[in-house]
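File shown here: coords.pdb, holding PDB, C-alpha atoms, pLDDT in the B column.
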ATOM      1  CA  MET I   1     -11.857 -13.954  77.432  1.00 55.00           C
ATOM      2  CA  ASP I   2     -12.314 -16.855  75.015  1.00 84.00           C
ATOM      3  CA  ASN I   3     -15.950 -16.263  74.178  1.00 92.00           C
ATOM      4  CA  PRO I   4     -17.330 -12.952  75.467  1.00 94.00           C
ATOM      5  CA  VAL I   5     -20.746 -13.670  73.942  1.00 94.00           C
ATOM      6  CA  ALA I   6     -21.137 -16.963  75.808  1.00 94.00           C
ATOM      7  CA  GLU I   7     -19.733 -15.409  78.988  1.00 95.00           C
ATOM      8  CA  PHE I   8     -22.212 -12.531  78.837  1.00 95.00           C
ATOM      9  CA  ASN I   9     -25.158 -14.865  78.211  1.00 94.00           C
ATOM     10  CA  ALA I  10     -24.131 -17.267  80.975  1.00 96.00           C
ATOM     11  CA  TYR I  11     -23.745 -14.448  83.487  1.00 96.00           C
ATOM     12  CA  ARG I  12     -27.015 -12.822  82.431  1.00 95.00           C
ATOM     13  CA  SER I  13     -28.947 -16.094  82.702  1.00 96.00           C
ATOM     14  CA  LYS I  14     -27.372 -16.996  86.046  1.00 97.00           C
ATOM     15  CA  MET I  15     -28.072 -13.616  87.602  1.00 97.00           C
ATOM     16  CA  ASN I  16     -31.587 -13.324  86.174  1.00 96.00           C
ATOM     17  CA  GLU I  17     -32.401 -16.728  87.643  1.00 96.00           C
ATOM     18  CA  ALA I  18     -30.912 -15.761  91.016  1.00 97.00           C
ATOM     19  CA  LEU I  19     -32.706 -12.420  91.056  1.00 96.00           C
ATOM     20  CA  LEU I  20     -36.071 -13.806  89.972  1.00 96.00           C
ATOM     21  CA  SER I  21     -35.919 -16.595  92.547  1.00 97.00           C
ATOM     22  CA  GLU I  22     -36.109 -13.930  95.261  1.00 96.00           C
ATOM     23  CA  ALA I  23     -37.892 -11.159  93.366  1.00 96.00           C
ATOM     24  CA  SER I  24     -41.065  -9.451  94.380  1.00 97.00           C
ATOM     25  CA  THR I  25     -44.159  -9.572  92.236  1.00 97.00           C
ATOM     26  CA  THR I  26     -43.316  -6.066  91.018  1.00 96.00           C
ATOM     27  CA  ILE I  27     -39.875  -7.073  89.726  1.00 96.00           C
ATOM     28  CA  LYS I  28     -41.326 -10.200  88.094  1.00 96.00           C
ATOM     29  CA  ARG I  29     -43.970  -8.084  86.374  1.00 96.00           C
ATOM     30  CA  ILE I  30     -41.330  -5.642  85.108  1.00 95.00           C
ATOM     31  CA  PHE I  31     -39.297  -8.523  83.655  1.00 94.00           C
ATOM     32  CA  ASN I  32     -42.436  -9.935  82.019  1.00 95.00           C
ATOM     33  CA  LEU I  33     -43.448  -6.540  80.648  1.00 94.00           C
ATOM     34  CA  ASP I  34     -39.957  -6.005  79.232  1.00 91.00           C
ATOM     35  CA  GLN I  35     -40.041  -9.387  77.501  1.00 90.00           C
ATOM     36  CA  SER I  36     -43.554  -9.031  76.112  1.00 94.00           C
ATOM     37  CA  ALA I  37     -42.924  -5.498  74.804  1.00 96.00           C
ATOM     38  CA  TYR I  38     -40.600  -6.895  72.120  1.00 95.00           C
ATOM     39  CA  THR I  39     -43.019  -9.434  70.674  1.00 94.00           C
ATOM     40  CA  LYS I  40     -44.596  -8.847  67.269  1.00 95.00           C
ATOM     41  CA  GLY I  41     -47.478  -6.416  67.233  1.00 96.00           C
ATOM     42  CA  SER I  42     -48.156  -3.531  64.869  1.00 97.00           C
ATOM     43  CA  LEU I  43     -44.383  -3.252  64.721  1.00 97.00           C
ATOM     44  CA  ASP I  44     -42.340  -6.306  63.814  1.00 97.00           C
ATOM     45  CA  GLU I  45     -39.839  -7.756  66.291  1.00 97.00           C
ATOM     46  CA  GLY I  46     -36.827  -6.445  64.370  1.00 97.00           C
ATOM     47  CA  THR I  47     -38.053  -2.866  64.461  1.00 98.00           C
ATOM     48  CA  LYS I  48     -38.730  -3.172  68.174  1.00 98.00           C
ATOM     49  CA  GLU I  49     -35.251  -4.578  68.816  1.00 98.00           C
ATOM     50  CA  LEU I  50     -33.668  -1.719  66.865  1.00 98.00           C
ATOM     51  CA  MET I  51     -35.723   0.717  68.939  1.00 98.00           C
ATOM     52  CA  GLY I  52     -34.536  -1.054  72.090  1.00 98.00           C
ATOM     53  CA  LEU I  53     -30.958  -0.795  70.841  1.00 98.00           C
ATOM     54  CA  VAL I  54     -31.309   2.943  70.250  1.00 98.00           C
ATOM     55  CA  ALA I  55     -32.887   3.534  73.661  1.00 98.00           C
ATOM     56  CA  SER I  56     -30.259   1.393  75.398  1.00 98.00           C
ATOM     57  CA  THR I  57     -27.468   3.272  73.651  1.00 98.00           C
ATOM     58  CA  VAL I  58     -28.904   6.666  74.558  1.00 98.00           C
ATOM     59  CA  LEU I  59     -29.314   5.455  78.156  1.00 98.00           C
ATOM     60  CA  ARG I  60     -25.740   4.107  78.015  1.00 98.00           C
ATOM     61  CA  CYS I  61     -26.576   0.624  79.278  1.00 97.00           C
ATOM     62  CA  ASP I  62     -23.898  -1.721  77.926  1.00 97.00           C
ATOM     63  CA  ASP I  63     -25.691  -4.883  79.113  1.00 97.00           C
ATOM     64  CA  CYS I  64     -28.871  -3.831  77.316  1.00 97.00           C
ATOM     65  CA  ILE I  65     -26.924  -2.863  74.203  1.00 98.00           C
ATOM     66  CA  LYS I  66     -25.355  -6.336  74.122  1.00 98.00           C
ATOM     67  CA  TYR I  67     -28.726  -7.999  74.621  1.00 97.00           C
ATOM     68  CA  HIS I  68     -30.385  -6.034  71.807  1.00 98.00           C
ATOM     69  CA  LEU I  69     -27.436  -6.589  69.476  1.00 98.00           C
ATOM     70  CA  GLU I  70     -27.777 -10.330  69.997  1.00 97.00           C
ATOM     71  CA  GLN I  71     -31.512 -10.154  69.384  1.00 97.00           C
ATOM     72  CA  CYS I  72     -30.938  -8.151  66.200  1.00 98.00           C
ATOM     73  CA  TYR I  73     -28.386 -10.692  65.013  1.00 98.00           C
ATOM     74  CA  SER I  74     -30.708 -13.610  65.752  1.00 96.00           C
ATOM     75  CA  LEU I  75     -33.471 -11.858  63.774  1.00 97.00           C
ATOM     76  CA  HIS I  76     -31.069 -11.521  60.811  1.00 97.00           C
ATOM     77  CA  ILE I  77     -31.035  -7.743  60.959  1.00 98.00           C
ATOM     78  CA  SER I  78     -28.142  -6.578  58.804  1.00 98.00           C
ATOM     79  CA  LYS I  79     -25.040  -4.981  60.234  1.00 97.00           C
ATOM     80  CA  GLN I  80     -25.810  -1.916  58.116  1.00 98.00           C
ATOM     81  CA  ALA I  81     -29.277  -1.570  59.692  1.00 98.00           C
ATOM     82  CA  VAL I  82     -27.746  -1.907  63.166  1.00 98.00           C
ATOM     83  CA  LEU I  83     -25.141   0.734  62.334  1.00 98.00           C
ATOM     84  CA  GLU I  84     -27.866   3.091  61.086  1.00 98.00           C
ATOM     85  CA  ALA I  85     -29.781   2.594  64.333  1.00 98.00           C
ATOM     86  CA  LEU I  86     -26.601   3.330  66.276  1.00 98.00           C
ATOM     87  CA  GLU I  87     -26.147   6.501  64.198  1.00 98.00           C
ATOM     88  CA  ILE I  88     -29.581   7.655  65.310  1.00 98.00           C
ATOM     89  CA  ALA I  89     -28.695   6.844  68.915  1.00 98.00           C
ATOM     90  CA  THR I  90     -25.549   8.929  68.607  1.00 98.00           C
ATOM     91  CA  VAL I  91     -27.436  11.882  67.136  1.00 98.00           C
ATOM     92  CA  VAL I  92     -30.063  11.676  69.885  1.00 98.00           C
ATOM     93  CA  GLY I  93     -27.668  10.939  72.745  1.00 98.00           C
ATOM     94  CA  GLY I  94     -24.790  13.132  71.680  1.00 98.00           C
ATOM     95  CA  SER I  95     -21.090  12.535  71.924  1.00 97.00           C
ATOM     96  CA  ILE I  96     -21.385  10.989  75.387  1.00 97.00           C
ATOM     97  CA  VAL I  97     -22.661   7.764  73.773  1.00 97.00           C
ATOM     98  CA  ILE I  98     -19.557   7.371  71.581  1.00 98.00           C
ATOM     99  CA  PRO I  99     -17.779   5.029  74.038  1.00 98.00           C
ATOM    100  CA  HIS I 100     -20.896   2.829  74.005  1.00 98.00           C
ATOM    101  CA  LEU I 101     -20.998   3.039  70.218  1.00 97.00           C
ATOM    102  CA  ARG I 102     -17.435   1.681  70.155  1.00 97.00           C
ATOM    103  CA  LYS I 103     -18.359  -1.150  72.530  1.00 97.00           C
ATOM    104  CA  ALA I 104     -21.441  -1.965  70.467  1.00 98.00           C
ATOM    105  CA  HIS I 105     -19.389  -2.172  67.291  1.00 97.00           C
ATOM    106  CA  GLU I 106     -16.860  -4.418  69.030  1.00 97.00           C
ATOM    107  CA  TYR I 107     -19.570  -6.681  70.449  1.00 97.00           C
ATOM    108  CA  TRP I 108     -21.279  -7.055  67.058  1.00 97.00           C
ATOM    109  CA  GLY I 109     -17.951  -8.333  65.752  1.00 96.00           C
ATOM    110  CA  GLN I 110     -17.762 -10.790  68.638  1.00 96.00           C
ATOM    111  CA  ILE I 111     -21.281 -12.014  67.877  1.00 97.00           C
ATOM    112  CA  GLU I 112     -20.327 -12.540  64.243  1.00 95.00           C
ATOM    113  CA  ALA I 113     -17.112 -14.348  65.194  1.00 94.00           C
ATOM    114  CA  HIS I 114     -18.958 -16.569  67.667  1.00 89.00           C
ATOM    115  CA  ALA I 115     -21.630 -17.405  65.078  1.00 87.00           C
ATOM    116  CA  GLU I 116     -18.960 -18.323  62.502  1.00 79.00           C
ATOM    117  CA  LYS I 117     -17.352 -20.742  64.964  1.00 75.00           C
ATOM    118  CA  LYS I 118     -20.700 -22.511  65.379  1.00 68.00           C
ATOM    119  CA  LEU I 119     -20.923 -23.191  61.630  1.00 61.00           C
TER
END
Using structure tokens, write down the structure from this file.
Amino acid sequence: MDNPVAEFNAYRSKMNEALLSEASTTIKRIFNLDQSAYTKGSLDEGTKELMGLVASTVLRCDDCIKYHLEQCYSLHISKQAVLEALEIATVVGGSIVIPHLRKAHEYWGQIEAHAEKKL
């Protein structure tokens, strides 16, 4: 696994494209709704991404956690803010989210390492 960030993004893009090429109107609307929900409104994009990260962690969806971590990183949300959001997720979700907390912490490190290689 040379670049887990690039591998995740490539797989996600490939499968989203494959799925959407055959998707019903309902699935396409859900994808559109999901995307538009995170745009700036009364809440800024960073706050919404942190909320998405918390919800994804409580729901224990590793793919969604990775996606929201990348969005947080691209919005220049600090590691400390991400860790605080993950603390809230752990309080809300309980100890069952701890394995996902570990994976999130690991993936944040991979995002940082990947970004440093680009510099």
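With distances taken over only C-alpha atoms, I:Ser56 is the one residue among I:Gln110, I:Ser56, I:Ser36, I:Ser78 lying closest to I:Val97.
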**Item:** Residue contacts of I:Ile88 (12 Å, all atoms listed in the file) excluding same-chain residues fewer than 6 positions away, as number ranges by chain
**Value:** I: 50-51, 53-58, 81-82, 94-95, 97-98, 101
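Using only C-alpha atoms, the nearest neighbour of I:Glu70 within the list I:Glu22, I:Glu116, I:Asp44, I:Glu49 is I:Glu49.
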**Item:** Contact residues around stretch 1-11 of chain I with all atoms listed in the file at 8 Å, ignoring same-chain residues under 5 positions, as a ChimeraX atom specification
**Value:** /I:107,110-111,114
**Complete:** Counting all atoms listed in the file, the residue among I:Ala104, I:Val91, I:Ile27, I:Leu59 that lies closest to I:Lys79 is I:Ala104
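Atom to atom, atom CA of I:Asn16 and atom CA of I:Arg102 stand 26.1 Å apart.
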**Prompt:** Nearest to I:Cys72: which of I:Gly41, I:Asp34, I:Glu112, I:Ser13 is it, counting all atoms listed in the file?
**Reply:** I:Glu112
**Request:** Name the residues captured by the PyMOL selection byres ((chain I and resi 46) around 10) when it is applied to the shown file; answer as a list in words.
**Result:** Tyr38, Thr39, Lys40, Leu43, Asp44, Glu45, Thr47, Lys48, Glu49, Leu50, Met51, Gly52, His68, Gln71, Cys72, Tyr73, Ser74, Leu75, His76 and Ile77 of chain I
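Taking all atoms listed in the file into account, I:Gln35 lies nearest to I:Tyr67 out of the set I:Tyr67, I:Leu86, I:Val92, I:Glu106.
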Using only the atoms of stretch 66-81 of chain I listed in the file, plus 8 Å on each side, state the axis-aligned box centre and edge lengths in Å rounded to one decimal, as lines of an AutoDock Vina configuration file.
center_x = -29.3
center_y = -7.6
center_z = 66.4
size_x = 24.4
size_y = 28.0
size_z = 32.5
**Asked** So what do you get for atom CA of I:Arg12 versus atom CA of I:Phe31, distance-wise?
**Response** 13.1 Å
**Message:** What does the structure give for the distance between atom CA of I:Ile65 and atom CA of I:Met15, in Å to one decimal?
**Reply:** 17.2 Å
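When only C-alpha atoms are used to measure the gap to I:Lys66, the shortest distance among I:His105, I:Thr26, I:Lys117, I:Leu19 belongs to I:His105.
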Kindly output stretch 70-85 of chain I as an mmCIF file, in the frame of the given file, after building N, CA, C and O atoms.
data_model
loop_
_atom_site.group_PDB
_atom_site.id
_atom_site.type_symbol
_atom_site.label_atom_id
_atom_site.label_comp_id
_atom_site.auth_asym_id
_atom_site.auth_seq_id
_atom_site.Cartn_x
_atom_site.Cartn_y
_atom_site.Cartn_z
ATOM 1 N N GLU I 70 -27.591 -8.892 70.211
ATOM 2 C CA GLU I 70 -27.777 -10.330 69.997
ATOM 3 C C GLU I 70 -29.158 -10.636 69.431
ATOM 4 O O GLU I 70 -29.296 -11.485 68.548
ATOM 5 N N GLN I 71 -30.162 -9.949 69.910
ATOM 6 C CA GLN I 71 -31.512 -10.154 69.384
ATOM 7 C C GLN I 71 -31.580 -9.734 67.921
ATOM 8 O O GLN I 71 -32.177 -10.424 67.088
ATOM 9 N N CYS I 72 -30.965 -8.609 67.596
ATOM 10 C CA CYS I 72 -30.938 -8.151 66.200
ATOM 11 C C CYS I 72 -30.237 -9.182 65.325
ATOM 12 O O CYS I 72 -30.722 -9.505 64.232
ATOM 13 N N TYR I 73 -29.123 -9.701 65.796
ATOM 14 C CA TYR I 73 -28.386 -10.692 65.013
ATOM 15 C C TYR I 73 -29.234 -11.944 64.807
ATOM 16 O O TYR I 73 -29.303 -12.481 63.698
ATOM 17 N N SER I 74 -29.892 -12.390 65.862
ATOM 18 C CA SER I 74 -30.708 -13.610 65.752
ATOM 19 C C SER I 74 -31.910 -13.416 64.839
ATOM 20 O O SER I 74 -32.418 -14.371 64.261
ATOM 21 N N LEU I 75 -32.361 -12.172 64.676
ATOM 22 C CA LEU I 75 -33.471 -11.858 63.774
ATOM 23 C C LEU I 75 -32.981 -11.547 62.359
ATOM 24 O O LEU I 75 -33.758 -11.129 61.509
ATOM 25 N N HIS I 76 -31.694 -11.731 62.129
ATOM 26 C CA HIS I 76 -31.069 -11.521 60.811
ATOM 27 C C HIS I 76 -31.149 -10.066 60.343
ATOM 28 O O HIS I 76 -31.279 -9.796 59.149
ATOM 29 N N ILE I 77 -31.094 -9.158 61.303
ATOM 30 C CA ILE I 77 -31.035 -7.743 60.959
ATOM 31 C C ILE I 77 -29.608 -7.467 60.496
ATOM 32 O O ILE I 77 -28.644 -7.874 61.146
ATOM 33 N N SER I 78 -29.463 -6.789 59.387
ATOM 34 C CA SER I 78 -28.142 -6.578 58.804
ATOM 35 C C SER I 78 -27.284 -5.664 59.676
ATOM 36 O O SER I 78 -27.797 -4.824 60.432
ATOM 37 N N LYS I 79 -25.988 -5.846 59.532
ATOM 38 C CA LYS I 79 -25.040 -4.981 60.234
ATOM 39 C C LYS I 79 -25.272 -3.525 59.845
ATOM 40 O O LYS I 79 -25.210 -2.636 60.698
ATOM 41 N N GLN I 80 -25.573 -3.288 58.578
ATOM 42 C CA GLN I 80 -25.810 -1.916 58.116
ATOM 43 C C GLN I 80 -27.028 -1.303 58.815
ATOM 44 O O GLN I 80 -26.994 -0.137 59.213
ATOM 45 N N ALA I 81 -28.091 -2.079 58.997
ATOM 46 C CA ALA I 81 -29.277 -1.570 59.692
ATOM 47 C C ALA I 81 -28.948 -1.267 61.156
ATOM 48 O O ALA I 81 -29.391 -0.250 61.703
ATOM 49 N N VAL I 82 -28.166 -2.132 61.772
ATOM 50 C CA VAL I 82 -27.746 -1.907 63.166
ATOM 51 C C VAL I 82 -26.908 -0.637 63.258
ATOM 52 O O VAL I 82 -27.112 0.196 64.152
ATOM 53 N N LEU I 83 -25.978 -0.467 62.323
ATOM 54 C CA LEU I 83 -25.141 0.734 62.334
ATOM 55 C C LEU I 83 -25.970 1.998 62.129
ATOM 56 O O LEU I 83 -25.705 3.031 62.752
ATOM 57 N N GLU I 84 -26.986 1.932 61.271
ATOM 58 C CA GLU I 84 -27.866 3.091 61.086
ATOM 59 C C GLU I 84 -28.630 3.406 62.372
ATOM 60 O O GLU I 84 -28.797 4.578 62.736
ATOM 61 N N ALA I 85 -29.093 2.369 63.060
ATOM 62 C CA ALA I 85 -29.781 2.594 64.333
ATOM 63 C C ALA I 85 -28.830 3.229 65.347
ATOM 64 O O ALA I 85 -29.209 4.146 66.082
#
